[in-house]
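Undergrad: Quick one: structure below, then a few questions.
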Amino acid sequence: MNEIYQINDWLVKEFQKNELVNTISTLPTLQIDTQIANIYPLVNLDLQDTDITESQISANYRITIVQQRDTRTDITDNKLLTNSNYIDNVSETHSIAHKLLNKLLRGYNDLNIEIQSQSTLRQLKNWSRNSLDGVQFDLELAIPNAGTIC
């Protein structure tokens with residue numbers, strides 16, 4: 001297995017271990033919400049680009065974690081978004097991201113995958129076709145260049 005495959009496989013396995021995650025996809029970000037069979041929460045790993053140096057190989061991902069919004073039809077004058085599960089969705093998707101980032105920040109992996117850079121977690125509110133809420137962030141991961149090729 002080459003290094004890019006190892007990084008991608010490691011990410012998928014880490015998200016599969018998370019009991020909150022139901023679906024993992026590797027689609028371009030704009031195509032995430034086009035699958036009718038998606039079961040949320042959904043994690044999408046969109047590999048943006050890669051870089052090779054003598055010592056390491058890095059992979060840049062846009063990671064999107066979303067949950068479908070449910071809105072109650074009760075009429076209320078409450079402005080605290082209590083007529084939907086928005087806050088629950090943000091909390092749940094943030095927790096999924098938090099668990100992965102903690103593992104990487106603490107260096108708990110056998111492949112020596114490290115964070116090179118990380119963006120802030122952007123909040124997604126009522127996003128895309130199916131009224132999704134969640135978080136999205138860019139993550140650059142590096143793995144030692146072992147010189148493996150397919």
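Residue numbering restarts at 1 in every chain; chains get A, B, ... in the order shown in the structure tokens, and ligands count up from 1 in that same order.
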From the DSSP assignment of the backbone, select every residue of chain A that is strand (DSSP E or B), and format the answer as JSON, numbers by chain.

TA: {"A": [23, 24, 25, 42, 43, 44, 45, 46, 47, 48, 49, 50, 51, 52, 56, 57, 58, 59, 60, 61, 62, 63, 64, 65, 66, 67, 68, 71, 84, 114, 115, 116, 117, 118, 122, 123, 124, 125, 126, 127, 132, 133, 134, 135, 136, 137, 138, 139, 140, 141, 142, 143, 144]}

Undergrad: What residues in range 20-127 of chain A get the DSSP label helix (DSSP H, G or I)? Please answer as a list in words.

TA: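 Checking each residue of range 20-127 of chain A, the helix (DSSP H, G or I) ones are Thr29, Leu30, Gln31, Ile32, Asp33, Thr34, Tyr86, Ile87, Asp88, Asn89, Val90, Ser91, Glu92, Thr93, His94, Ser95, Ile96, Ala97, His98, Lys99, Leu100, Leu101, Asn102, Lys103, Leu104 and Leu105 of chain A.
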
Undergrad: Can you list every residue of range 83-134 of chain A that has an atom at most 12 Å from range 9-32 of chain A, with its nearest atom pair and the distance in Å to one decimal, using only C-alpha atoms, ordered by chain then number, as a tab-separated table?

TA:
```
residue	atom	partner	partner_atom	distance
A:Asn89	CA	A:Leu20	CA	11.2
A:Ser91	CA	A:Leu20	CA	11.3
A:Glu92	CA	A:Leu20	CA	7.6
A:Thr93	CA	A:Leu20	CA	8.5
A:His94	CA	A:Leu20	CA	10.9
A:Ser95	CA	A:Leu20	CA	8.8
A:Ile96	CA	A:Leu20	CA	7.1
A:Ala97	CA	A:Phe15	CA	9.2
A:His98	CA	A:Asn18	CA	11.2
A:Lys99	CA	A:Asn18	CA	8.3
A:Leu100	CA	A:Glu14	CA	7.1
A:Leu101	CA	A:Glu14	CA	10.6
A:Asn102	CA	A:Glu14	CA	11.6
A:Lys103	CA	A:Glu14	CA	9.2
A:Leu104	CA	A:Leu11	CA	10.2
A:Tyr108	CA	A:Glu14	CA	11.1
A:Asn109	CA	A:Trp10	CA	8.8
A:Asp110	CA	A:Trp10	CA	9.8
A:Leu111	CA	A:Trp10	CA	8.5
A:Asn112	CA	A:Trp10	CA	10.8
A:Ile113	CA	A:Trp10	CA	8.9
A:Glu114	CA	A:Trp10	CA	11.8
A:Trp127	CA	A:Ile32	CA	10.8
A:Ser128	CA	A:Leu30	CA	8.7
A:Arg129	CA	A:Ile32	CA	9.8
A:Asn130	CA	A:Ile32	CA	10.4
A:Leu132	CA	A:Ile32	CA	10.6
```

Undergrad: If we count only C-alpha atoms and set the cut-off at 12 Å, which residues sit around Asn2 in chain A, ignoring sequence neighbours fewer than 3 positions away in its own chain? Please answer as a VMD selection string.

TA: chain A and resid 5 to 9 57 111 143 to 150

Undergrad: Rounded to one decimal, what separation in Å do you get between CA of Asn60 in chain A and CA of Asn44 in chain A?

TA: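 Computed distance, CA of Asn60 in chain A to CA of Asn44 in chain A, equals 13.3 Å.
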
Undergrad: When distances are computed from only C-alpha atoms, which of A:Ile52, A:Leu105, A:Gly134, A:Thr120 shows the smallest separation from Asn85 in chain A?

TA: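 Smallest separation from Asn85 in chain A among the options: A:Gly134.
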
Undergrad: For Asp33 in chain A, which residue among A:Ser117, A:Thr50, A:Ser55, A:Gln68 is the nearest when counting only C-alpha atoms?

TA: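 Distance minimum relative to Asp33 in chain A lands on A:Gln68.
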
Undergrad: Can you tell me how far CA of Tyr61 in chain A sits from CA of Asp49 in chain A, in Å to one decimal?

TA: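 So the two atoms, CA of Tyr61 in chain A and CA of Asp49 in chain A, lie 7.5 Å apart.
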